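Pasted below: entry.cif, mmCIF, C-alpha atoms.
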```cif
data_run
#
loop_
_atom_site.label_atom_id
_atom_site.label_comp_id
_atom_site.auth_asym_id
_atom_site.auth_seq_id
_atom_site.Cartn_x
_atom_site.Cartn_y
_atom_site.Cartn_z
CA ASN A 1 29.90 31.78 95.09
CA ALA A 2 27.73 33.31 97.84
CA GLY A 3 29.07 36.87 97.48
CA VAL A 4 28.54 38.85 100.68
CA THR A 5 26.57 37.25 103.49
CA GLN A 6 25.43 38.77 106.79
CA THR A 7 24.44 37.12 110.05
CA PRO A 8 21.90 37.53 111.59
CA LYS A 9 19.17 38.86 109.30
CA PHE A 10 17.04 40.22 112.13
CA ARG A 11 17.67 41.02 115.77
CA VAL A 12 15.87 42.73 118.62
CA LEU A 13 17.94 44.02 121.52
CA LYS A 14 17.16 45.77 124.76
CA THR A 15 18.95 49.00 125.61
CA GLY A 16 22.38 48.24 127.04
CA GLN A 17 22.74 44.78 125.53
CA SER A 18 25.65 43.93 123.27
CA MET A 19 25.86 42.04 120.02
CA THR A 20 28.10 41.29 117.06
CA LEU A 21 27.11 41.35 113.41
CA LEU A 22 29.11 39.08 111.13
CA CYS A 23 29.89 39.80 107.50
CA ALA A 24 31.59 37.28 105.24
CA GLN A 25 32.69 37.55 101.61
CA ASP A 26 34.08 34.87 99.32
CA MET A 27 35.35 37.14 96.51
CA ASN A 28 38.83 37.68 97.98
CA HIS A 29 38.14 41.41 98.27
CA GLU A 30 40.60 43.56 100.18
CA TYR A 31 38.17 46.30 101.18
CA MET A 32 35.16 45.83 103.43
CA TYR A 33 32.65 48.33 104.78
CA TRP A 34 29.85 48.63 107.31
CA TYR A 35 26.99 51.03 106.61
CA ARG A 36 23.75 51.88 108.32
CA GLN A 37 20.69 52.94 106.37
CA ASP A 38 17.98 55.07 107.94
CA PRO A 39 14.93 56.69 106.34
CA GLY A 40 15.77 60.11 104.92
CA MET A 41 19.48 59.67 105.73
CA GLY A 42 20.70 57.28 103.08
CA LEU A 43 23.65 54.99 103.55
CA ARG A 44 26.19 56.22 106.07
CA LEU A 45 29.60 54.66 106.52
CA ILE A 46 30.32 53.40 110.04
CA HIS A 47 33.74 51.77 109.71
CA TYR A 48 35.77 50.26 106.93
CA SER A 49 38.82 48.09 106.40
CA VAL A 50 41.44 48.20 103.67
CA GLY A 51 42.84 44.76 104.45
CA GLU A 52 43.22 42.01 107.02
CA GLY A 53 44.10 43.42 110.42
CA THR A 54 43.20 47.03 109.52
CA THR A 55 40.19 49.16 110.42
CA ALA A 56 39.30 52.82 110.05
CA LYS A 57 36.50 55.13 111.14
CA GLY A 58 33.84 56.27 108.76
CA GLU A 59 31.22 58.98 109.03
CA VAL A 60 29.30 57.69 112.08
CA PRO A 61 31.63 55.43 114.15
CA ASP A 62 30.51 56.30 117.69
CA GLY A 63 29.02 53.39 119.61
CA TYR A 64 30.46 50.76 117.25
CA ASN A 65 33.64 48.72 117.09
CA VAL A 66 34.94 46.51 114.32
CA SER A 67 37.52 43.81 113.74
CA ARG A 68 39.01 42.22 110.62
CA LEU A 69 41.01 39.24 111.88
CA LYS A 70 40.52 37.29 108.66
CA LYS A 71 40.41 38.72 105.16
CA GLN A 72 37.01 37.25 104.43
CA ASN A 73 35.29 38.39 107.64
CA PHE A 74 34.40 41.82 109.01
CA LEU A 75 32.69 42.03 112.40
CA LEU A 76 30.65 44.95 113.72
CA GLY A 77 30.11 45.15 117.46
CA LEU A 78 27.70 47.14 119.56
CA GLU A 79 28.94 47.18 123.16
CA SER A 80 25.92 48.88 124.74
CA ALA A 81 23.02 49.19 122.34
CA ALA A 82 20.92 52.36 122.27
CA PRO A 83 17.55 53.02 120.58
CA SER A 84 19.36 55.41 118.19
CA GLN A 85 21.14 52.37 116.77
CA THR A 86 17.89 50.94 115.46
CA SER A 87 18.61 50.68 111.76
CA VAL A 88 19.32 48.42 108.83
CA TYR A 89 22.99 47.51 108.67
CA PHE A 90 24.69 46.65 105.40
CA CYS A 91 28.08 45.15 104.86
CA ALA A 92 29.86 45.65 101.54
CA SER A 93 33.12 44.65 99.97
CA SER A 94 35.14 45.85 97.00
CA TYR A 95 38.24 44.67 95.19
CA LEU A 96 39.88 47.85 94.06
CA GLY A 97 39.11 50.19 96.94
CA GLY A 98 40.13 53.65 95.81
CA ILE A 99 41.04 52.68 92.26
CA PRO A 100 38.31 53.51 89.76
CA PRO A 101 35.93 52.20 88.82
CA ASP A 102 35.12 50.76 92.18
CA THR A 103 32.10 48.53 92.65
CA GLN A 104 30.87 47.76 96.11
CA TYR A 105 29.06 44.45 96.56
CA PHE A 106 26.48 44.55 99.31
CA GLY A 107 25.08 41.92 101.62
CA PRO A 108 21.34 41.48 102.23
CA GLY A 109 21.34 43.56 105.41
CA THR A 110 20.60 43.05 109.11
CA ARG A 111 17.52 44.68 110.59
CA LEU A 112 18.27 45.69 114.16
CA THR A 113 15.73 47.05 116.61
CA VAL A 114 16.83 48.36 119.99
CA LEU A 115 14.03 48.72 122.52
CA GLN B 1 24.94 71.98 101.52
CA LYS B 2 24.73 68.21 101.18
CA GLU B 3 27.25 66.58 98.87
CA VAL B 4 24.53 64.69 97.04
CA GLU B 5 20.86 65.58 96.80
CA GLN B 6 18.04 63.44 95.48
CA ASP B 7 14.29 63.71 95.68
CA PRO B 8 13.23 60.68 97.73
CA GLY B 9 9.92 60.31 95.90
CA PRO B 10 8.03 58.06 95.61
CA LEU B 11 7.74 58.51 91.87
CA SER B 12 4.84 56.53 90.40
CA VAL B 13 4.61 55.93 86.65
CA PRO B 14 2.56 53.62 84.42
CA GLU B 15 4.24 50.66 82.78
CA GLY B 16 5.92 51.65 79.52
CA ALA B 17 6.61 55.24 80.57
CA ILE B 18 9.96 56.95 80.27
CA VAL B 19 11.36 57.63 83.71
CA SER B 20 13.76 60.42 84.60
CA LEU B 21 15.62 60.22 87.91
CA ASN B 22 17.81 63.13 88.90
CA CYS B 23 20.52 64.06 91.32
CA THR B 24 22.67 67.10 92.07
CA TYR B 25 26.05 67.20 93.73
CA SER B 26 28.30 69.89 95.15
CA ASN B 27 31.87 68.55 94.97
CA SER B 28 33.51 69.42 91.64
CA ALA B 29 36.19 66.76 92.32
CA PHE B 30 33.75 63.97 91.54
CA GLN B 31 34.78 62.25 88.31
CA TYR B 32 32.82 58.99 88.32
CA PHE B 33 29.08 58.80 88.61
CA MET B 34 27.42 55.58 89.60
CA TRP B 35 23.82 54.50 89.95
CA TYR B 36 22.94 51.75 92.39
CA ARG B 37 19.56 50.03 92.44
CA GLN B 38 18.08 48.73 95.68
CA TYR B 39 15.06 46.46 95.75
CA SER B 40 12.92 46.42 98.86
CA ARG B 41 14.62 44.63 101.77
CA LYS B 42 17.74 43.94 99.70
CA GLY B 43 21.23 45.42 99.51
CA PRO B 44 22.09 47.93 96.78
CA GLU B 45 23.69 46.69 93.56
CA LEU B 46 25.58 48.63 90.93
CA LEU B 47 23.42 49.39 87.91
CA MET B 48 25.84 51.42 85.79
CA TYR B 49 28.45 54.14 85.93
CA THR B 50 29.82 56.93 83.76
CA TYR B 51 33.05 58.85 83.75
CA SER B 52 33.03 62.66 83.52
CA SER B 53 30.39 64.41 81.41
CA GLY B 54 28.33 62.79 78.70
CA ASN B 55 25.91 59.94 78.17
CA LYS B 56 26.16 56.19 78.58
CA GLU B 57 23.54 53.73 77.45
CA ASP B 58 22.97 50.20 78.72
CA GLY B 59 19.86 48.56 77.34
CA ARG B 60 16.83 50.50 78.52
CA PHE B 61 18.95 52.62 80.86
CA THR B 62 20.80 55.83 79.99
CA ALA B 63 22.98 57.73 82.43
CA GLN B 64 23.69 61.38 81.74
CA VAL B 65 26.13 63.69 83.48
CA ASP B 66 26.46 67.46 83.14
CA LYS B 67 29.49 68.46 85.19
CA SER B 68 29.06 72.15 84.41
CA SER B 69 25.78 72.19 86.32
CA LYS B 70 26.65 69.28 88.64
CA TYR B 71 23.53 67.45 87.51
CA ILE B 72 23.15 63.69 87.03
CA SER B 73 20.25 61.87 85.40
CA LEU B 74 19.17 58.29 84.88
CA PHE B 75 16.60 57.61 82.19
CA ILE B 76 14.65 54.37 81.96
CA ARG B 77 12.85 53.64 78.71
CA ASP B 78 9.83 51.34 78.47
CA SER B 79 9.69 51.04 82.25
CA GLN B 80 8.63 47.69 83.69
CA PRO B 81 7.14 46.72 87.06
CA SER B 82 10.45 44.94 87.74
CA ASP B 83 12.14 48.37 87.66
CA SER B 84 10.29 49.27 90.87
CA ALA B 85 13.10 49.94 93.32
CA THR B 86 15.04 52.74 94.95
CA TYR B 87 17.76 54.29 92.77
CA LEU B 88 20.80 55.68 94.54
CA CYS B 89 22.95 58.32 92.93
CA VAL B 90 26.62 57.87 93.83
CA PRO B 91 29.16 60.42 92.61
CA TRP B 92 32.73 59.40 93.37
CA GLY B 93 36.07 61.15 93.41
CA GLY B 94 38.30 58.11 93.00
CA TYR B 95 39.27 57.80 96.65
CA GLN B 96 37.93 55.44 99.28
CA LYS B 97 35.11 57.61 100.55
CA VAL B 98 31.91 56.96 98.64
CA THR B 99 28.94 59.29 99.07
CA PHE B 100 25.53 57.73 98.51
CA GLY B 101 22.46 59.79 97.77
CA ILE B 102 19.35 58.97 99.82
CA GLY B 103 17.78 57.45 96.73
CA THR B 104 14.58 57.97 94.77
CA LYS B 105 11.88 55.35 95.17
CA LEU B 106 10.32 54.38 91.85
CA GLN B 107 7.03 52.54 91.46
CA VAL B 108 6.03 51.28 88.01
CA ILE B 109 2.34 50.50 87.95
CA PRO B 110 1.21 47.63 85.64
#
```

Will you turn the file into structure tokens for me?
Amino acid sequence: NAGVTQTPKFRVLKTGQSMTLLCAQDMNHEYMYWYRQDPGMGLRLIHYSVGEGTTAKGEVPDGYNVSRLKKQNFLLGLESAAPSQTSVYFCASSYLGGIPPDTQYFGPGTRLTVL
Amino acid sequence: QKEVEQDPGPLSVPEGAIVSLNCTYSNSAFQYFMWYRQYSRKGPELLMYTYSSGNKEDGRFTAQVDKSSKYISLFIRDSQPSDSATYLCVPWGGYQKVTFGIGTKLQVIP
């Protein structure tokens, strides 16, 4: 049982390049989330999904797109990377979603630097 | 006003000390209060949670909530170097949106 895994762990991009971050979970969770974590800002929700084939915007969605074609995978895409997107990206999943008590299980993170 | 406020620290204490980590929140609709722990270069993990006001103890950890003052505390007894991490306060209203505090970085010095 690997929990939540993220690929890649590190990446350096040039401004304008595109990339996709992959998140996979093997806990059969319905809900999946993408966050970014920046110093002094805490975790901020980018996009989330409440089930296969669904996505919704979070707090800071601009510049990102997501897809949830399979229940176990949640992809985060950057179409044209900008230096402001330099951050640590975390994927999380949860079983109950809005039903308390909800526990989010986090992946190890992807460190992205945009030059 | 931010929904959740935490002092980012760092808070440095000697091994064996009692640690008090605190958080304030503004939304009176929050009913559940979670603490996540995040080790350096790792993802956060749930440490414990409480419902409404009162105390909850789990080993060396005690979570305390005072809804009247919108104040949340996490106490760590007999702190260990392995407790060195960032502690995120997470009040929750029972809907999908979860608001994470910025976290307080704790360093326990051997």

Open item on the list: Take the PyMOL selection byres ((chain A) within 10 of (chain B)), run it mentally on this structure, and tell me the resulting residues as a PyMOL selection string.
Closed with: chain A and resi 4+31+37-45+48+50+58-59+88-92+96-111

Exercise. Identify, on the basis of all atoms listed in the file, every residue whose closest approach to Thr20 in chain A does not exceed 9 Å; exclude the query and any residue fewer than 6 positions from it along the same chain; express the result as a list in words.
Key: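 Residues meeting the cut-off are Thr7, Leu75, Leu76, Gly77, Leu78 and Glu79 of chain A.
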
Expected file contents, prior selection, C-alpha atoms, as a PDB file, in the frame of the given file:
```
ATOM      1  CA  THR A   7      24.440  37.120 110.050  1.00  0.00           C
ATOM      2  CA  LEU A  75      32.690  42.030 112.400  1.00  0.00           C
ATOM      3  CA  LEU A  76      30.650  44.950 113.720  1.00  0.00           C
ATOM      4  CA  GLY A  77      30.110  45.150 117.460  1.00  0.00           C
ATOM      5  CA  LEU A  78      27.700  47.140 119.560  1.00  0.00           C
ATOM      6  CA  GLU A  79      28.940  47.180 123.160  1.00  0.00           C
TER       7      GLU A  79
END
```

Written as an mmCIF file with C-alpha atoms, in the coordinates of the input, which residues does the PyMOL selection byres ((chain A and resi 85) around 8) give for the file shown?
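To be explicit, this is the file written out as part_25.cif:
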```cif
data_model
loop_
_atom_site.group_PDB
_atom_site.id
_atom_site.type_symbol
_atom_site.label_atom_id
_atom_site.label_comp_id
_atom_site.auth_asym_id
_atom_site.auth_seq_id
_atom_site.Cartn_x
_atom_site.Cartn_y
_atom_site.Cartn_z
ATOM 1 C CA ALA A 81 23.020 49.190 122.340
ATOM 2 C CA ALA A 82 20.920 52.360 122.270
ATOM 3 C CA PRO A 83 17.550 53.020 120.580
ATOM 4 C CA SER A 84 19.360 55.410 118.190
ATOM 5 C CA THR A 86 17.890 50.940 115.460
ATOM 6 C CA SER A 87 18.610 50.680 111.760
ATOM 7 C CA LEU A 112 18.270 45.690 114.160
ATOM 8 C CA THR A 113 15.730 47.050 116.610
ATOM 9 C CA VAL A 114 16.830 48.360 119.990
#
```

Q) Got a sec: who's within 9 Å of Tyr71 in chain B, counting all atoms listed in the file, leaving out chain neighbours fewer than 2 positions off, as a PyMOL selection string? A) chain B and resi 22-25+64-69+73

### Task
Enter the distance from CA of Asp7 in chain B to CA of Leu21 in chain B, in Å, rounded to one decimal.
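Separation of CA of Asp7 in chain B and CA of Leu21 in chain B: 8.6 Å.
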
*asked:* Quick one: residues within 10 Å of Ser82 in chain B, all atoms listed in the file, excluding same-chain residues fewer than 2 positions away - as a PyMOL selection string?
replied: chain B and resi 15+39+79-80+84-85+107-110

(message) My list of candidates is B:Gly54, B:Gly59, B:Pro91, B:Ile18. Which is closest to Glu3 in chain B when distances are computed with all atoms listed in the file?
(response)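 Closest to Glu3 in chain B of all the choices is B:Pro91.
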
Quiz item: Interatomic distance between CA of Met27 in chain A and CA of Asn73 in chain A?
Solution: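 Separation of CA of Met27 in chain A and CA of Asn73 in chain A: 11.2 Å.
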
Fix up range 60-71 of chain A with all heavy atoms, then write it as a PDB file, in the coordinates of the input.
```pdb
ATOM      1  N   VAL A  60      30.058  57.798 110.820  1.00  0.00           N
ATOM      2  CA  VAL A  60      29.300  57.690 112.080  1.00  0.00           C
ATOM      3  C   VAL A  60      29.807  56.520 112.928  1.00  0.00           C
ATOM      4  O   VAL A  60      29.113  55.543 113.168  1.00  0.00           O
ATOM      5  CB  VAL A  60      27.780  57.539 111.795  1.00  0.00           C
ATOM      6  CG1 VAL A  60      27.189  58.835 111.303  1.00  0.00           C
ATOM      7  CG2 VAL A  60      27.527  56.412 110.803  1.00  0.00           C
ATOM      8  N   PRO A  61      31.042  56.583 113.463  1.00  0.00           N
ATOM      9  CA  PRO A  61      31.630  55.430 114.150  1.00  0.00           C
ATOM     10  C   PRO A  61      31.266  55.273 115.624  1.00  0.00           C
ATOM     11  O   PRO A  61      31.468  54.200 116.197  1.00  0.00           O
ATOM     12  CB  PRO A  61      33.130  55.732 114.027  1.00  0.00           C
ATOM     13  CG  PRO A  61      33.192  57.229 114.069  1.00  0.00           C
ATOM     14  CD  PRO A  61      31.974  57.701 113.325  1.00  0.00           C
ATOM     15  N   ASP A  62      30.719  56.338 116.236  1.00  0.00           N
ATOM     16  CA  ASP A  62      30.510  56.300 117.690  1.00  0.00           C
ATOM     17  C   ASP A  62      29.507  55.223 118.086  1.00  0.00           C
ATOM     18  O   ASP A  62      28.423  55.113 117.528  1.00  0.00           O
ATOM     19  CB  ASP A  62      30.034  57.670 118.172  1.00  0.00           C
ATOM     20  CG  ASP A  62      31.103  58.735 118.002  1.00  0.00           C
ATOM     21  OD1 ASP A  62      32.287  58.370 117.858  1.00  0.00           O
ATOM     22  OD2 ASP A  62      30.756  59.935 118.020  1.00  0.00           O
ATOM     23  N   GLY A  63      29.883  54.444 119.104  1.00  0.00           N
ATOM     24  CA  GLY A  63      29.020  53.390 119.610  1.00  0.00           C
ATOM     25  C   GLY A  63      29.251  52.037 118.939  1.00  0.00           C
ATOM     26  O   GLY A  63      28.583  51.060 119.288  1.00  0.00           O
ATOM     27  N   TYR A  64      30.175  51.991 117.996  1.00  0.00           N
ATOM     28  CA  TYR A  64      30.460  50.760 117.250  1.00  0.00           C
ATOM     29  C   TYR A  64      31.946  50.439 117.308  1.00  0.00           C
ATOM     30  O   TYR A  64      32.779  51.338 117.347  1.00  0.00           O
ATOM     31  CB  TYR A  64      30.059  50.893 115.783  1.00  0.00           C
ATOM     32  CG  TYR A  64      28.632  51.295 115.535  1.00  0.00           C
ATOM     33  CD1 TYR A  64      28.301  52.635 115.336  1.00  0.00           C
ATOM     34  CD2 TYR A  64      27.611  50.343 115.473  1.00  0.00           C
ATOM     35  CE1 TYR A  64      26.999  53.016 115.095  1.00  0.00           C
ATOM     36  CE2 TYR A  64      26.304  50.723 115.234  1.00  0.00           C
ATOM     37  CZ  TYR A  64      26.007  52.054 115.050  1.00  0.00           C
ATOM     38  OH  TYR A  64      24.708  52.429 114.804  1.00  0.00           O
ATOM     39  N   ASN A  65      32.262  49.140 117.284  1.00  0.00           N
ATOM     40  CA  ASN A  65      33.640  48.720 117.090  1.00  0.00           C
ATOM     41  C   ASN A  65      33.668  47.636 116.022  1.00  0.00           C
ATOM     42  O   ASN A  65      32.650  46.981 115.755  1.00  0.00           O
ATOM     43  CB  ASN A  65      34.256  48.225 118.411  1.00  0.00           C
ATOM     44  CG  ASN A  65      33.454  47.094 119.027  1.00  0.00           C
ATOM     45  OD1 ASN A  65      33.497  45.965 118.555  1.00  0.00           O
ATOM     46  ND2 ASN A  65      32.703  47.389 120.075  1.00  0.00           N
ATOM     47  N   VAL A  66      34.812  47.467 115.405  1.00  0.00           N
ATOM     48  CA  VAL A  66      34.940  46.510 114.320  1.00  0.00           C
ATOM     49  C   VAL A  66      36.242  45.737 114.457  1.00  0.00           C
ATOM     50  O   VAL A  66      37.181  46.176 115.123  1.00  0.00           O
ATOM     51  CB  VAL A  66      34.910  47.181 112.921  1.00  0.00           C
ATOM     52  CG1 VAL A  66      33.513  47.675 112.568  1.00  0.00           C
ATOM     53  CG2 VAL A  66      35.925  48.307 112.841  1.00  0.00           C
ATOM     54  N   SER A  67      36.284  44.572 113.806  1.00  0.00           N
ATOM     55  CA  SER A  67      37.520  43.810 113.740  1.00  0.00           C
ATOM     56  C   SER A  67      37.576  43.060 112.413  1.00  0.00           C
ATOM     57  O   SER A  67      36.540  42.612 111.891  1.00  0.00           O
ATOM     58  CB  SER A  67      37.642  42.850 114.911  1.00  0.00           C
ATOM     59  OG  SER A  67      36.626  41.876 114.862  1.00  0.00           O
ATOM     60  N   ARG A  68      38.803  42.932 111.894  1.00  0.00           N
ATOM     61  CA  ARG A  68      39.010  42.220 110.620  1.00  0.00           C
ATOM     62  C   ARG A  68      40.206  41.279 110.838  1.00  0.00           C
ATOM     63  O   ARG A  68      41.322  41.528 110.390  1.00  0.00           O
ATOM     64  CB  ARG A  68      39.310  43.214 109.510  1.00  0.00           C
ATOM     65  CG  ARG A  68      39.506  42.556 108.130  1.00  0.00           C
ATOM     66  CD  ARG A  68      38.325  42.748 107.273  1.00  0.00           C
ATOM     67  NE  ARG A  68      38.498  42.118 105.969  1.00  0.00           N
ATOM     68  CZ  ARG A  68      38.936  42.771 104.888  1.00  0.00           C
ATOM     69  NH1 ARG A  68      39.260  44.052 104.966  1.00  0.00           N
ATOM     70  NH2 ARG A  68      39.044  42.131 103.737  1.00  0.00           N
ATOM     71  N   LEU A  69      39.947  40.191 111.563  1.00  0.00           N
ATOM     72  CA  LEU A  69      41.010  39.240 111.880  1.00  0.00           C
ATOM     73  C   LEU A  69      41.324  38.346 110.694  1.00  0.00           C
ATOM     74  O   LEU A  69      42.453  37.887 110.538  1.00  0.00           O
ATOM     75  CB  LEU A  69      40.617  38.412 113.105  1.00  0.00           C
ATOM     76  CG  LEU A  69      40.398  39.222 114.394  1.00  0.00           C
ATOM     77  CD1 LEU A  69      39.992  38.305 115.533  1.00  0.00           C
ATOM     78  CD2 LEU A  69      41.641  40.021 114.760  1.00  0.00           C
ATOM     79  N   LYS A  70      40.328  38.082 109.866  1.00  0.00           N
ATOM     80  CA  LYS A  70      40.520  37.290 108.660  1.00  0.00           C
ATOM     81  C   LYS A  70      40.076  38.123 107.460  1.00  0.00           C
ATOM     82  O   LYS A  70      39.130  38.909 107.568  1.00  0.00           O
ATOM     83  CB  LYS A  70      39.714  35.993 108.720  1.00  0.00           C
ATOM     84  CG  LYS A  70      40.180  35.008 109.757  1.00  0.00           C
ATOM     85  CD  LYS A  70      39.348  33.730 109.678  1.00  0.00           C
ATOM     86  CE  LYS A  70      39.813  32.707 110.691  1.00  0.00           C
ATOM     87  NZ  LYS A  70      39.016  31.445 110.616  1.00  0.00           N
ATOM     88  N   LYS A  71      40.704  37.929 106.349  1.00  0.00           N
ATOM     89  CA  LYS A  71      40.410  38.720 105.160  1.00  0.00           C
ATOM     90  C   LYS A  71      38.948  38.610 104.756  1.00  0.00           C
ATOM     91  O   LYS A  71      38.340  39.589 104.308  1.00  0.00           O
ATOM     92  CB  LYS A  71      41.297  38.269 103.996  1.00  0.00           C
ATOM     93  CG  LYS A  71      41.155  39.100 102.739  1.00  0.00           C
ATOM     94  CD  LYS A  71      42.128  38.623 101.684  1.00  0.00           C
ATOM     95  CE  LYS A  71      42.037  39.472 100.429  1.00  0.00           C
ATOM     96  NZ  LYS A  71      43.013  39.022  99.398  1.00  0.00           N
TER      97      LYS A  71
END
```
